[in-house]
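Below is the file protein_38.csv, which contains CSV, C-alpha atoms and all ligand atoms.
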```csv
chain,number,residue,atom,x,y,z
A,1,MET,CA,23.8,88.9,-56.8
A,2,PHE,CA,21.0,89.1,-54.2
A,3,ILE,CA,23.4,90.1,-51.5
A,4,ARG,CA,25.0,92.8,-53.7
A,5,ARG,CA,21.5,94.2,-54.4
A,6,PHE,CA,20.6,94.1,-50.8
A,7,GLY,CA,23.8,95.9,-50.0
A,8,GLY,CA,22.8,98.6,-52.5
A,9,PHE,CA,19.5,98.9,-50.7
A,10,TRP,CA,21.2,99.7,-47.4
A,11,LEU,CA,23.3,102.3,-49.2
A,12,VAL,CA,20.0,103.9,-50.3
A,13,LEU,CA,18.7,103.6,-46.7
A,14,GLY,CA,21.7,105.7,-45.6
A,15,LEU,CA,21.1,108.4,-48.1
A,16,GLY,CA,17.6,109.0,-46.9
A,17,LEU,CA,15.9,109.8,-50.2
A,18,VAL,CA,12.6,111.6,-50.0
A,19,SER,CA,9.5,110.6,-51.7
A,20,ILE,CA,5.7,110.8,-51.1
A,21,LEU,CA,3.8,107.5,-50.7
A,22,THR,CA,0.4,106.8,-49.4
A,23,PRO,CA,0.0,103.6,-47.4
A,24,GLY,CA,-2.9,101.1,-47.9
A,25,ARG,CA,-3.6,97.6,-46.9
A,26,SER,CA,-2.5,94.6,-48.9
A,27,GLU,CA,-5.0,92.5,-50.8
A,28,ALA,CA,-2.4,90.6,-52.9
A,29,GLU,CA,-2.2,86.9,-52.2
A,30,VAL,CA,-4.7,87.2,-49.4
A,31,LEU,CA,-7.2,84.3,-49.3
A,32,ALA,CA,-9.2,85.7,-46.4
A,33,GLN,CA,-8.8,88.5,-43.9
A,34,SER,CA,-10.6,90.3,-41.1
A,35,THR,CA,-9.4,93.8,-40.0
A,36,PHE,CA,-12.7,94.8,-38.2
A,37,ASP,CA,-13.1,98.1,-40.0
A,38,THR,CA,-16.9,98.1,-39.6
A,39,ASP,CA,-18.1,95.1,-37.5
A,40,SER,CA,-17.0,91.7,-36.0
A,41,ASP,CA,-16.9,90.2,-39.5
A,42,GLY,CA,-18.5,86.9,-38.4
A,43,TRP,CA,-16.0,86.1,-35.7
A,44,VAL,CA,-17.4,84.5,-32.5
A,45,VAL,CA,-15.8,83.0,-29.4
A,46,LYS,CA,-16.0,79.3,-28.5
A,47,ASP,CA,-15.4,78.0,-25.0
A,48,LEU,CA,-13.2,74.9,-25.1
A,49,ALA,CA,-12.3,72.6,-22.3
A,50,TYR,CA,-9.5,73.6,-19.8
A,51,THR,CA,-6.9,72.1,-19.7
A,52,SER,CA,-7.2,70.2,-23.0
A,53,PRO,CA,-9.5,71.3,-25.8
A,54,GLY,CA,-9.8,67.8,-27.4
A,55,ALA,CA,-9.2,66.6,-30.9
A,56,PRO,CA,-11.3,67.8,-32.5
A,57,PRO,CA,-12.4,70.3,-29.9
A,58,VAL,CA,-16.0,70.1,-28.7
A,59,PRO,CA,-17.2,73.7,-28.0
A,60,LEU,CA,-18.8,74.1,-24.5
A,61,GLY,CA,-20.4,77.5,-25.3
A,62,THR,CA,-20.5,80.4,-27.8
A,63,PHE,CA,-20.1,84.1,-27.0
A,64,ASN,CA,-20.3,87.2,-29.1
A,65,PRO,CA,-17.2,89.4,-28.7
A,66,THR,CA,-17.4,93.2,-28.2
A,67,TYR,CA,-16.7,95.3,-31.3
A,68,HIS,CA,-14.6,98.4,-31.0
A,69,GLY,CA,-14.4,100.9,-33.8
A,70,THR,CA,-11.1,102.3,-32.7
A,71,GLY,CA,-8.1,101.3,-30.7
A,72,GLY,CA,-7.1,98.3,-32.9
A,73,ASN,CA,-3.9,97.9,-34.9
A,74,PRO,CA,-5.1,100.1,-36.5
A,75,GLY,CA,-8.9,100.8,-36.5
A,76,GLY,CA,-11.5,98.4,-35.3
A,77,TYR,CA,-10.8,95.3,-33.2
A,78,LEU,CA,-12.6,92.7,-31.1
A,79,SER,CA,-12.3,91.9,-27.4
A,80,LEU,CA,-13.9,89.6,-24.8
A,81,SER,CA,-13.8,89.5,-21.1
A,82,ASP,CA,-13.2,86.0,-19.8
A,83,PRO,CA,-16.7,84.5,-19.4
A,84,THR,CA,-16.1,81.2,-17.7
A,85,GLY,CA,-13.6,78.8,-16.1
A,86,ASN,CA,-13.1,77.1,-19.5
A,87,THR,CA,-10.6,78.4,-22.1
A,88,TRP,CA,-12.0,80.6,-24.8
A,89,PHE,CA,-10.9,80.7,-28.4
A,90,TRP,CA,-11.6,83.0,-31.4
A,91,ASN,CA,-13.5,81.0,-34.0
A,92,ALA,CA,-13.0,81.9,-37.6
A,93,PRO,CA,-16.0,82.6,-39.9
A,94,SER,CA,-16.7,80.7,-43.1
A,95,LYS,CA,-14.6,82.8,-45.4
A,96,PHE,CA,-11.5,81.4,-43.7
A,97,LEU,CA,-12.8,77.8,-44.0
A,98,GLY,CA,-13.5,75.2,-46.7
A,99,ASN,CA,-10.9,74.4,-49.3
A,100,LYS,CA,-7.9,76.6,-48.5
A,101,GLN,CA,-5.2,74.4,-50.0
A,102,ALA,CA,-3.8,77.4,-51.8
A,103,ALA,CA,-2.6,78.6,-48.4
A,104,TYR,CA,-0.1,75.7,-48.1
A,105,GLY,CA,3.3,77.3,-47.9
A,106,GLY,CA,1.6,80.6,-46.9
A,107,THR,CA,0.9,82.2,-43.6
A,108,LEU,CA,-1.8,82.6,-40.9
A,109,SER,CA,-1.3,85.9,-39.3
A,110,PHE,CA,-3.1,87.7,-36.4
A,111,ASP,CA,-2.5,90.3,-33.7
A,112,LEU,CA,-3.4,89.5,-30.1
A,113,ALA,CA,-3.4,91.4,-26.9
A,114,VAL,CA,-4.2,90.3,-23.3
A,115,THR,CA,-4.7,92.3,-20.1
A,116,GLY,CA,-5.3,91.0,-16.6
A,117,ALA,CA,-3.5,90.1,-13.4
A,118,GLY,CA,-3.7,86.3,-13.4
A,119,THR,CA,-1.1,83.6,-13.7
A,120,PRO,CA,-0.4,82.6,-17.3
A,121,PHE,CA,-1.2,79.1,-18.4
A,122,ASP,CA,-0.3,76.9,-21.3
A,123,GLU,CA,-2.8,75.3,-23.6
A,124,GLU,CA,-3.0,74.7,-27.4
A,125,ASP,CA,-2.7,78.2,-29.0
A,126,VAL,CA,-3.9,77.7,-32.5
A,127,ILE,CA,-6.0,74.7,-33.7
A,128,LEU,CA,-6.8,73.8,-37.3
A,129,VAL,CA,-9.6,71.2,-37.8
A,130,GLY,CA,-10.4,69.6,-41.2
A,131,GLY,CA,-10.4,66.4,-43.2
A,132,GLY,CA,-10.7,64.3,-40.0
A,133,LEU,CA,-7.5,65.8,-38.6
A,134,THR,CA,-6.6,68.2,-35.8
A,135,LEU,CA,-3.3,70.2,-36.0
A,136,VAL,CA,-2.2,72.5,-33.2
A,137,PHE,CA,0.5,75.2,-33.0
A,138,THR,CA,2.2,76.7,-29.9
A,139,LEU,CA,3.0,80.5,-30.3
A,140,PRO,CA,6.6,81.5,-29.7
A,141,ALA,CA,5.5,83.9,-26.9
A,142,ARG,CA,2.4,84.9,-25.1
A,143,PRO,CA,0.6,88.1,-26.3
A,144,GLY,CA,1.5,91.3,-24.5
A,145,THR,CA,-0.8,94.0,-23.2
A,146,THR,CA,-0.5,95.8,-26.5
A,147,PHE,CA,-1.1,94.0,-29.8
A,148,THR,CA,1.5,91.3,-30.6
A,149,SER,CA,1.7,90.1,-34.3
A,150,TYR,CA,2.0,86.5,-35.1
A,151,HIS,CA,2.8,84.9,-38.5
A,152,LEU,CA,2.3,81.1,-38.5
A,153,PRO,CA,3.8,79.1,-41.3
A,154,LEU,CA,1.2,77.0,-43.1
A,155,THR,CA,3.5,74.2,-43.8
A,156,GLU,CA,4.0,71.2,-41.4
A,157,ALA,CA,6.8,73.1,-39.6
A,158,GLY,CA,5.9,73.6,-35.9
A,159,TRP,CA,2.5,71.9,-36.2
A,160,LYS,CA,1.6,68.9,-34.0
A,161,ARG,CA,-1.1,66.2,-34.2
A,162,ASN,CA,-4.0,66.6,-31.7
A,163,THR,CA,-2.2,68.2,-28.8
A,164,ARG,CA,0.8,70.5,-28.3
A,165,ALA,CA,2.8,67.5,-27.1
A,166,GLY,CA,1.7,65.4,-30.1
A,167,VAL,CA,3.8,64.0,-33.0
A,168,ALA,CA,4.9,66.4,-35.7
A,169,ALA,CA,2.5,67.0,-38.5
A,170,THR,CA,3.5,65.8,-42.0
A,171,PRO,CA,3.1,67.8,-45.3
A,172,SER,CA,0.2,65.6,-46.4
A,173,GLU,CA,-1.6,66.1,-43.1
A,174,MET,CA,-1.3,69.9,-43.4
A,175,THR,CA,-2.6,69.9,-47.0
A,176,THR,CA,-5.4,67.6,-46.0
A,177,VAL,CA,-6.5,69.9,-43.2
A,178,LEU,CA,-6.2,73.0,-45.4
A,179,GLY,CA,-8.2,71.3,-48.1
A,180,ALA,CA,-11.3,71.0,-45.9
A,181,LEU,CA,-11.0,73.4,-43.0
A,182,THR,CA,-14.0,73.3,-40.7
A,183,ASN,CA,-12.5,75.3,-37.8
A,184,ILE,CA,-9.7,77.7,-37.0
A,185,TYR,CA,-9.5,78.3,-33.3
A,186,ILE,CA,-7.1,81.0,-32.0
A,187,ARG,CA,-6.7,81.1,-28.2
A,188,GLY,CA,-7.9,84.3,-26.7
A,189,GLU,CA,-7.4,83.5,-23.0
A,190,TYR,CA,-3.9,83.2,-21.4
A,191,LEU,CA,-4.5,84.0,-17.7
A,192,LEU,CA,-6.0,81.8,-15.0
A,193,SER,CA,-7.9,84.7,-13.4
A,194,LEU,CA,-11.4,85.8,-14.5
A,195,ASP,CA,-10.4,89.5,-14.8
A,196,ASP,CA,-8.6,89.0,-18.1
A,197,VAL,CA,-9.6,90.6,-21.4
A,198,GLY,CA,-8.3,89.3,-24.8
A,199,SER,CA,-8.3,91.3,-28.0
A,200,ILE,CA,-7.7,90.4,-31.7
A,201,ASP,CA,-7.1,92.3,-34.9
A,202,ASN,CA,-5.8,91.6,-38.4
A,203,ILE,CA,-6.4,87.9,-39.0
A,204,VAL,CA,-5.0,87.1,-42.5
A,205,LEU,CA,-4.8,83.8,-44.4
A,206,ASP,CA,-2.2,84.2,-47.1
A,207,ALA,CA,-1.2,82.1,-50.1
A,208,PRO,CA,2.6,81.7,-50.4
A,209,GLY,CA,4.2,84.8,-51.8
A,210,ALA,CA,6.5,87.7,-51.0
A,211,VAL,CA,7.0,88.5,-47.3
A,212,CYS,CA,8.0,91.8,-45.7
A,213,ASP,CA,7.5,91.7,-41.9
A,214,ILE,CA,8.6,94.5,-39.6
A,215,GLN,CA,8.0,94.4,-35.9
A,216,LEU,CA,8.9,97.2,-33.6
A,217,GLY,CA,10.2,96.7,-30.0
A,218,GLN,CA,7.5,99.1,-28.6
A,219,SER,CA,4.8,101.4,-29.9
A,220,SER,CA,5.8,104.7,-28.2
A,221,PHE,CA,9.1,106.4,-27.7
A,222,GLN,CA,10.5,109.4,-25.9
A,223,ASN,CA,13.6,111.6,-26.2
A,224,GLY,CA,16.8,109.6,-26.2
A,225,GLU,CA,15.2,106.3,-26.9
A,226,GLN,CA,16.2,104.2,-29.8
A,227,ILE,CA,13.5,103.3,-32.4
A,228,SER,CA,14.3,99.6,-32.1
A,229,ILE,CA,13.3,97.2,-34.9
A,230,GLN,CA,13.0,93.8,-33.5
A,231,VAL,CA,12.1,91.9,-36.7
A,232,PHE,CA,12.9,93.0,-40.3
A,233,ARG,CA,12.1,89.9,-42.3
A,234,LEU,CA,12.2,89.5,-46.1
A,235,GLY,CA,11.0,86.3,-47.7
A,236,ASN,CA,9.8,84.4,-50.7
A,237,GLN,CA,7.6,81.5,-49.8
A,238,LYS,CA,7.2,80.4,-53.4
A,239,LEU,CA,9.0,77.4,-54.9
A,240,THR,CA,10.4,79.7,-57.7
A,241,PRO,CA,12.5,82.9,-57.6
A,242,LEU,CA,10.5,86.1,-57.3
A,243,ALA,CA,11.4,89.5,-58.7
A,244,ILE,CA,10.1,92.3,-56.5
A,245,GLU,CA,10.2,96.0,-56.3
A,246,PHE,CA,10.9,96.9,-52.7
A,247,LYS,CA,10.0,100.1,-50.9
A,248,LEU,CA,10.8,101.1,-47.4
A,249,TRP,CA,9.5,104.4,-45.9
A,250,LEU,CA,8.9,106.4,-42.8
A,251,GLU,CA,5.7,108.3,-42.2
A,252,VAL,CA,6.2,111.4,-40.0
A,253,PRO,CA,3.7,113.9,-38.6
A,254,GLY,CA,2.5,115.9,-41.6
A,255,PRO,CA,1.7,115.0,-45.2
A,256,VAL,CA,5.1,114.0,-46.5
A,257,ALA,CA,6.7,110.6,-46.0
A,258,VAL,CA,10.4,109.9,-46.0
A,259,GLY,CA,11.6,107.2,-48.4
A,260,LEU,CA,14.3,105.1,-46.8
A,261,GLY,CA,15.0,102.8,-49.7
A,262,GLN,CA,13.7,101.4,-52.9
A,263,SER,CA,15.1,98.7,-55.2
A,264,GLY,CA,14.2,96.5,-58.0
A,265,ALA,CA,11.9,98.6,-60.2
A,266,ASP,CA,13.9,97.3,-63.2
A,267,GLY,CA,13.2,93.7,-62.1
A,268,SER,CA,16.8,93.1,-60.9
A,269,PHE,CA,15.9,92.5,-57.2
A,270,VAL,CA,15.2,88.8,-57.1
A,271,LEU,CA,14.4,86.8,-53.9
A,272,PRO,CA,15.5,83.2,-54.3
A,273,ALA,CA,12.9,80.4,-53.8
A,274,GLY,CA,12.3,79.8,-50.2
A,275,PHE,CA,14.3,82.9,-49.1
A,276,ASN,CA,13.5,83.8,-45.5
A,277,GLN,CA,15.8,86.1,-43.5
A,278,ASN,CA,15.4,88.3,-40.5
A,279,PHE,CA,17.8,91.3,-40.8
A,280,GLY,CA,16.8,92.5,-37.3
A,281,PRO,CA,17.2,93.5,-34.6
A,282,PHE,CA,18.6,96.9,-35.2
A,283,ASN,CA,18.0,100.5,-34.2
A,284,LEU,CA,16.5,102.9,-36.7
A,285,PHE,CA,17.4,106.2,-35.0
A,286,ALA,CA,17.4,107.8,-31.6
A,287,VAL,CA,14.6,110.2,-30.7
A,288,ALA,CA,16.0,113.8,-30.6
A,289,PRO,CA,14.3,116.8,-28.9
A,290,THR,CA,14.0,118.6,-32.3
A,291,MET,CA,11.9,115.8,-33.9
A,292,PRO,CA,8.2,116.5,-34.3
A,293,ARG,CA,6.0,114.8,-31.7
A,294,GLY,CA,3.1,112.7,-32.9
A,295,SER,CA,2.3,109.6,-35.1
A,296,TYR,CA,5.0,107.9,-37.1
A,297,ALA,CA,5.1,104.7,-39.1
A,298,PHE,CA,7.9,102.5,-40.4
A,299,ASN,CA,6.6,100.6,-43.4
A,300,CYS,CA,7.7,98.2,-46.2
A,301,ARG,CA,6.0,97.3,-49.4
A,302,MET,CA,6.8,94.8,-52.2
A,303,LEU,CA,5.4,95.3,-55.7
A,304,ASN,CA,5.4,93.3,-58.9
A,305,PRO,CA,8.1,95.2,-60.8
A,306,VAL,CA,6.2,94.8,-64.1
A,307,THR,CA,2.6,95.5,-63.2
A,308,GLY,CA,3.1,97.4,-59.9
A,309,ALA,CA,0.6,95.0,-58.2
A,310,LEU,CA,0.9,94.9,-54.4
A,311,MET,CA,2.7,91.6,-53.3
A,312,ALA,CA,3.3,92.3,-49.6
A,313,GLU,CA,3.0,95.2,-47.2
A,314,ASP,CA,3.6,95.9,-43.5
A,315,ILE,CA,2.5,99.1,-41.8
A,316,ASN,CA,3.8,99.7,-38.3
A,317,SER,CA,2.6,102.8,-36.5
A,318,PHE,CA,4.3,104.2,-33.4
A,319,GLU,CA,4.2,107.4,-31.4
A,320,ILE,CA,6.9,109.9,-30.4
A,321,HIS,CA,6.0,111.7,-27.2
B,401,CA,CA,-8.3,96.7,-37.3
B,402,CA,CA,-8.9,83.7,-17.4
```
In structure tokens, how does this file's structure come out?
Amino acid sequence: MFIRRFGGFWLVLGLGLVSILTPGRSEAEVLAQSTFDTDSDGWVVKDLAYTSPGAPPVPLGTFNPTYHGTGGNPGGYLSLSDPTGNTWFWNAPSKFLGNKQAAYGGTLSFDLAVTGAGTPFDEEDVILVGGGLTLVFTLPARPGTTFTSYHLPLTEAGWKRNTRAGVAATPSEMTTVLGALTNIYIRGEYLLSLDDVGSIDNIVLDAPGAVCDIQLGQSSFQNGEQISIQVFRLGNQKLTPLAIEFKLWLEVPGPVAVGLGQSGADGSFVLPAGFNQNFGPFNLFAVAPTMPRGSYAFNCRMLNPVTGALMAEDINSFEIH
């Protein structure tokens, strides 16, 4: 039944129905987030030991990052120029800490960018400390020079004890850490040189819920290039089936957005418990000379079909030059 519904959704995608929608940011299921709209939101940088931060890490120094009001993904973001020969990490403020057991089964998301000419090096990428335990996670790929989005599962999957070569974490260890979080460290430095700059935006700690995750292959496109969608993930992290109303749309230069698909307003679009599928990669369309130049966005949103409450959203801006 789900597959049939999803097939119907793609049929709608092909028809290209037009509607007007205004994007916003999701607050649903969010336990804590920093999007840096006005300031650094309490984030600081901690220098940890190179080549091993320790378990738990012992910070060697504290630095205040630079706040930028524009140039983020979108809006404001933070950056830091490599200050020392140690390895520096973003250090979460108190609203991300304490008892966050509700995040078990959910997601820790953030966007990172790194510039510089040095040789990349490996170290623990994300470190959770709490309840007498240290759990670490290795990112699937290093950040690029433009913002790269990461979505880490807050189950035991992929997490190790103490070091990135450590034993696999257990479910009870993850719930223990999440129940008494004292630190979340996210590595900001990936290059051995001292010319590197790391940036961060959109840190979000989510309780389990609906997932729509879109990731584009690049952020700007020219004539003849395909708008490539690398990741198009739909999911339900809950332990029970979840009815959603799904919307997919394209923002184009000008006031009118193009609806590409919607499904489930009648409650008939149900994601099975634990559903997690990436329908990408695929190409959205090729850039033609007749298309308006400017800012576009390819976006998805999931709503509660009864109340209309926002359950998940992903806004992905790109430019056509
Ligand atoms: Ca931002
Ligand atoms: Ca460096």
As an mmCIF file with C-alpha atoms, in the coordinates of the input, please: the residues near Thr138 (chain A) (cut-off 7 Å, only C-alpha atoms, same-chain neighbours under 6 positions excluded).
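Resulting contents of selection_15.cif:
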```cif
data_model
loop_
_atom_site.group_PDB
_atom_site.id
_atom_site.type_symbol
_atom_site.label_atom_id
_atom_site.label_comp_id
_atom_site.auth_asym_id
_atom_site.auth_seq_id
_atom_site.Cartn_x
_atom_site.Cartn_y
_atom_site.Cartn_z
ATOM 1 C CA GLU A 124 -3.000 74.700 -27.400
ATOM 2 C CA ASP A 125 -2.700 78.200 -29.000
ATOM 3 C CA VAL A 126 -3.900 77.700 -32.500
ATOM 4 C CA ARG A 164 0.800 70.500 -28.300
#
```
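Proximal residues of ligand CA 402 (chain B) are A:Ser81, A:Asp82, A:Pro83, A:Thr84, A:Gly85, A:Asn86, A:Thr87, A:Trp88, A:Gly116, A:Gly118, A:Thr119, A:Pro120, A:Glu189, A:Tyr190, A:Leu191, A:Leu192, A:Ser193, A:Leu194, A:Asp195, A:Asp196, A:Val197, by a cut-off of 9 Å on all atoms listed in the file.
Non-sequential neighbours of region 179-182 of chain A (distance at most 8 Å, separation of 6 or more positions within a chain, all atoms listed in the file) are Leu97, Gly98, Asn99, Lys100, Gln101, Leu128, Val129, Gly130 and Gly131 of chain A.
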- Between A:Gly188, A:Gly308, A:Gly72, A:Pro140, which one has atoms that come closest to ligand CA 401 (chain B), using all atoms listed in the file? A:Gly72
- Message: Let me see if you get this right: every residue at most 10 Å from ligand CA 401 (chain B), counting only C-alpha atoms and all ligand atoms, written as a ChimeraX atom specification.
- Response: /A:34-39,68-78,111,200-203
Export C-alpha atoms of the chosen residues as a short mmCIF file (atom, residue, chain, number, x, y, z; two decimals), keeping the file's coordinate frame?
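File selection-v9.cif, as written:
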```cif
data_model
loop_
_atom_site.label_atom_id
_atom_site.label_comp_id
_atom_site.auth_asym_id
_atom_site.auth_seq_id
_atom_site.Cartn_x
_atom_site.Cartn_y
_atom_site.Cartn_z
CA SER A 34 -10.60 90.30 -41.10
CA THR A 35 -9.40 93.80 -40.00
CA PHE A 36 -12.70 94.80 -38.20
CA ASP A 37 -13.10 98.10 -40.00
CA THR A 38 -16.90 98.10 -39.60
CA ASP A 39 -18.10 95.10 -37.50
CA HIS A 68 -14.60 98.40 -31.00
CA GLY A 69 -14.40 100.90 -33.80
CA THR A 70 -11.10 102.30 -32.70
CA GLY A 71 -8.10 101.30 -30.70
CA GLY A 72 -7.10 98.30 -32.90
CA ASN A 73 -3.90 97.90 -34.90
CA PRO A 74 -5.10 100.10 -36.50
CA GLY A 75 -8.90 100.80 -36.50
CA GLY A 76 -11.50 98.40 -35.30
CA TYR A 77 -10.80 95.30 -33.20
CA LEU A 78 -12.60 92.70 -31.10
CA ASP A 111 -2.50 90.30 -33.70
CA ILE A 200 -7.70 90.40 -31.70
CA ASP A 201 -7.10 92.30 -34.90
CA ASN A 202 -5.80 91.60 -38.40
CA ILE A 203 -6.40 87.90 -39.00
#
```
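Atom pair CA of Asn276 (chain A) / CA of Asp213 (chain A) has a distance of 10.6 Å (rounded to one decimal).
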List every protein, DNA or RNA residue with an atom no more than 10 Å from (-4.0, 66.0, -32.7) in the file's coordinates, counting all atoms listed in the file, and format the result as a PDB file with C-alpha atoms, in the coordinates of the input.
```
ATOM      1  CA  GLY A  54      -9.800  67.800 -27.400  1.00  0.00           C
ATOM      2  CA  ALA A  55      -9.200  66.600 -30.900  1.00  0.00           C
ATOM      3  CA  PRO A  56     -11.300  67.800 -32.500  1.00  0.00           C
ATOM      4  CA  PRO A  57     -12.400  70.300 -29.900  1.00  0.00           C
ATOM      5  CA  ILE A 127      -6.000  74.700 -33.700  1.00  0.00           C
ATOM      6  CA  LEU A 128      -6.800  73.800 -37.300  1.00  0.00           C
ATOM      7  CA  VAL A 129      -9.600  71.200 -37.800  1.00  0.00           C
ATOM      8  CA  LEU A 133      -7.500  65.800 -38.600  1.00  0.00           C
ATOM      9  CA  THR A 134      -6.600  68.200 -35.800  1.00  0.00           C
ATOM     10  CA  LEU A 135      -3.300  70.200 -36.000  1.00  0.00           C
ATOM     11  CA  VAL A 136      -2.200  72.500 -33.200  1.00  0.00           C
ATOM     12  CA  TRP A 159       2.500  71.900 -36.200  1.00  0.00           C
ATOM     13  CA  LYS A 160       1.600  68.900 -34.000  1.00  0.00           C
ATOM     14  CA  ARG A 161      -1.100  66.200 -34.200  1.00  0.00           C
ATOM     15  CA  ASN A 162      -4.000  66.600 -31.700  1.00  0.00           C
ATOM     16  CA  THR A 163      -2.200  68.200 -28.800  1.00  0.00           C
ATOM     17  CA  ARG A 164       0.800  70.500 -28.300  1.00  0.00           C
ATOM     18  CA  ALA A 165       2.800  67.500 -27.100  1.00  0.00           C
ATOM     19  CA  GLY A 166       1.700  65.400 -30.100  1.00  0.00           C
ATOM     20  CA  VAL A 167       3.800  64.000 -33.000  1.00  0.00           C
ATOM     21  CA  ALA A 168       4.900  66.400 -35.700  1.00  0.00           C
ATOM     22  CA  ALA A 169       2.500  67.000 -38.500  1.00  0.00           C
TER      23      ALA A 169
END
```
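Near Val44 (chain A), within 10 Å and counting only C-alpha atoms, sit Ser40, Asp41, Gly42, Lys46, Thr62, Phe63, Asn64, Pro65, Thr66, Leu78, Leu80, Phe89, Trp90, Asn91, Ala92 and Pro93 of chain A, not including residues fewer than 2 positions from it in the same chain.
With all atoms listed in the file as the atoms that count, the minimum distance from Ser94 (chain A) to the choices A:Leu139, A:Cys300, A:Ala309, A:Ile184 is reached by A:Ile184.
Residues lying within 12 Å of Ala141 (chain A), counting all atoms listed in the file and ignoring same-chain neighbours fewer than 4 positions away, are Leu112, Ala113, Pro120, Phe121, Asp122, Asp125, Phe137, Thr148, Ser149, Tyr150, His151 and Tyr190 of chain A.
Atom pair CA of Val30 (chain A) / CA of Val211 (chain A): separated by 12.0 Å.
Minimum atom-to-atom distances from A:Ser228, A:Thr145, A:Gln277, A:Asn299 to Gly261 (chain A) were compared using all atoms listed in the file, and the lowest value belongs to A:Asn299.
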